[in-house]
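Colleague: Below are the structure tokens for one structure; questions will follow.
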Amino acid sequence: MAKDRGTPKPATGKSSAVSKVSLPQWIALGLTILAVVFILQNRTTVRIELFWVSVESPLWFILAVVFIVGWVVGVLAARGRYRQRRPH
């Protein structure tokens with residue numbers, strides 16, 4: 001008896017962890033990996049001046065700090081949008 005290959009298999013109810021990740025999460029992961037690679041490739045020492053403060057530090061450290069600050073700002077901004085959409 002020949003098997004019918006055209007019929008779809010019934011769903012088992014299980015989904016992989018990869019299928020649970022949304023497109024924006026994949027984009028965020030890709031940008032994070034890109035930022036980490038960029039940070040690791042820029043390891044020279046630089047001088048940063050902000051207002052009256054002057055700091056000499058490895059560029060990777062400065063980039064990591066700016067990346068973390070940007071991430072925190074993004075999280076805080078997302079929390080504000082979430083609170084506005086939630087019904088009271």
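Ligands are numbered from 1 in the order shown, residues from 1 within each chain, and chains are lettered A, B, ... in the order they appear in the structure tokens.
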Please provide as a PyMOL selection string all residues within 7 Å of range 38-42 of chain A, with the sequence filter that same-chain residues fewer than 5 positions apart are discarded (counting only C-alpha atoms).
Modeller: chain A and resi 59-60+63-64
Colleague: Would you mind exporting C-alpha atoms of the selected residues as a compact mmCIF listing (two decimals), in the first residue's frame?
Modeller:
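Wrote it out as part_10.txt, contents follow:
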# COMPACT_ATOMS: atom_id res chain seq x y z
CA LEU A 59 37.71 51.94 23.40
CA TRP A 60 36.05 48.56 24.03
CA LEU A 63 31.68 51.19 23.65
CA ALA A 64 30.41 48.63 26.16
Colleague: Taking only range 32-84 of chain A into account, list the residues labelled helix (DSSP H, G or I) by DSSP (computed from the backbone), as an NGL selection string.
Modeller: :A and (32-41 or 59-84)
Colleague: Mind listing the strand (DSSP E or B) residues of range 8-62 of chain A, per DSSP on the backbone, as a list in words?
Modeller: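 Matching residues for strand (DSSP E or B) in range 8-62 of chain A are Thr45, Val46, Arg47, Ile48, Glu49, Leu50, Val53, Ser54, Val55, Glu56, Ser57 and Pro58 of chain A.
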Colleague: Generate the output file for the selected residues, N, CA, C and O atoms, as a PDB file, in the first residue's frame.
Modeller:
ATOM      1  N   THR A  45      43.292  52.452  23.061  1.00  0.00           N
ATOM      2  CA  THR A  45      43.000  53.395  24.136  1.00  0.00           C
ATOM      3  C   THR A  45      42.635  54.750  23.527  1.00  0.00           C
ATOM      4  O   THR A  45      43.310  55.227  22.619  1.00  0.00           O
ATOM      5  N   VAL A  46      41.565  55.347  24.025  1.00  0.00           N
ATOM      6  CA  VAL A  46      41.103  56.634  23.523  1.00  0.00           C
ATOM      7  C   VAL A  46      40.848  57.587  24.693  1.00  0.00           C
ATOM      8  O   VAL A  46      40.710  57.167  25.835  1.00  0.00           O
ATOM      9  N   ARG A  47      40.786  58.863  24.350  1.00  0.00           N
ATOM     10  CA  ARG A  47      40.478  59.885  25.356  1.00  0.00           C
ATOM     11  C   ARG A  47      39.084  60.426  25.055  1.00  0.00           C
ATOM     12  O   ARG A  47      38.797  60.873  23.943  1.00  0.00           O
ATOM     13  N   ILE A  48      38.211  60.388  26.044  1.00  0.00           N
ATOM     14  CA  ILE A  48      36.835  60.853  25.922  1.00  0.00           C
ATOM     15  C   ILE A  48      36.661  62.076  26.814  1.00  0.00           C
ATOM     16  O   ILE A  48      37.077  62.060  27.980  1.00  0.00           O
ATOM     17  N   GLU A  49      36.048  63.111  26.281  1.00  0.00           N
ATOM     18  CA  GLU A  49      35.780  64.317  27.064  1.00  0.00           C
ATOM     19  C   GLU A  49      34.280  64.592  27.060  1.00  0.00           C
ATOM     20  O   GLU A  49      33.648  64.593  26.005  1.00  0.00           O
ATOM     21  N   LEU A  50      33.734  64.775  28.234  1.00  0.00           N
ATOM     22  CA  LEU A  50      32.329  65.124  28.395  1.00  0.00           C
ATOM     23  C   LEU A  50      32.245  66.215  29.443  1.00  0.00           C
ATOM     24  O   LEU A  50      32.576  65.989  30.628  1.00  0.00           O
ATOM     25  N   VAL A  53      34.891  66.614  32.382  1.00  0.00           N
ATOM     26  CA  VAL A  53      35.522  65.336  32.706  1.00  0.00           C
ATOM     27  C   VAL A  53      36.249  64.801  31.474  1.00  0.00           C
ATOM     28  O   VAL A  53      35.701  64.768  30.381  1.00  0.00           O
ATOM     29  N   SER A  54      37.479  64.376  31.683  1.00  0.00           N
ATOM     30  CA  SER A  54      38.271  63.766  30.618  1.00  0.00           C
ATOM     31  C   SER A  54      38.718  62.384  31.097  1.00  0.00           C
ATOM     32  O   SER A  54      39.281  62.256  32.184  1.00  0.00           O
ATOM     33  N   VAL A  55      38.431  61.367  30.292  1.00  0.00           N
ATOM     34  CA  VAL A  55      38.746  59.992  30.676  1.00  0.00           C
ATOM     35  C   VAL A  55      39.551  59.335  29.566  1.00  0.00           C
ATOM     36  O   VAL A  55      39.201  59.460  28.396  1.00  0.00           O
ATOM     37  N   GLU A  56      40.608  58.656  29.929  1.00  0.00           N
ATOM     38  CA  GLU A  56      41.361  57.854  28.972  1.00  0.00           C
ATOM     39  C   GLU A  56      41.124  56.393  29.330  1.00  0.00           C
ATOM     40  O   GLU A  56      41.368  55.960  30.450  1.00  0.00           O
ATOM     41  N   SER A  57      40.600  55.659  28.355  1.00  0.00           N
ATOM     42  CA  SER A  57      40.179  54.283  28.614  1.00  0.00           C
ATOM     43  C   SER A  57      40.233  53.490  27.320  1.00  0.00           C
ATOM     44  O   SER A  57      40.204  54.068  26.231  1.00  0.00           O
ATOM     45  N   PRO A  58      40.283  52.156  27.428  1.00  0.00           N
ATOM     46  CA  PRO A  58      40.201  51.349  26.206  1.00  0.00           C
ATOM     47  C   PRO A  58      38.869  51.592  25.502  1.00  0.00           C
ATOM     48  O   PRO A  58      37.818  51.731  26.150  1.00  0.00           O
TER      49      PRO A  58
END
Colleague: Quick one: distance from CA of Phe61 in chain A to CA of Leu23 in chain A in Å, one decimal?
Modeller: 29.5 Å
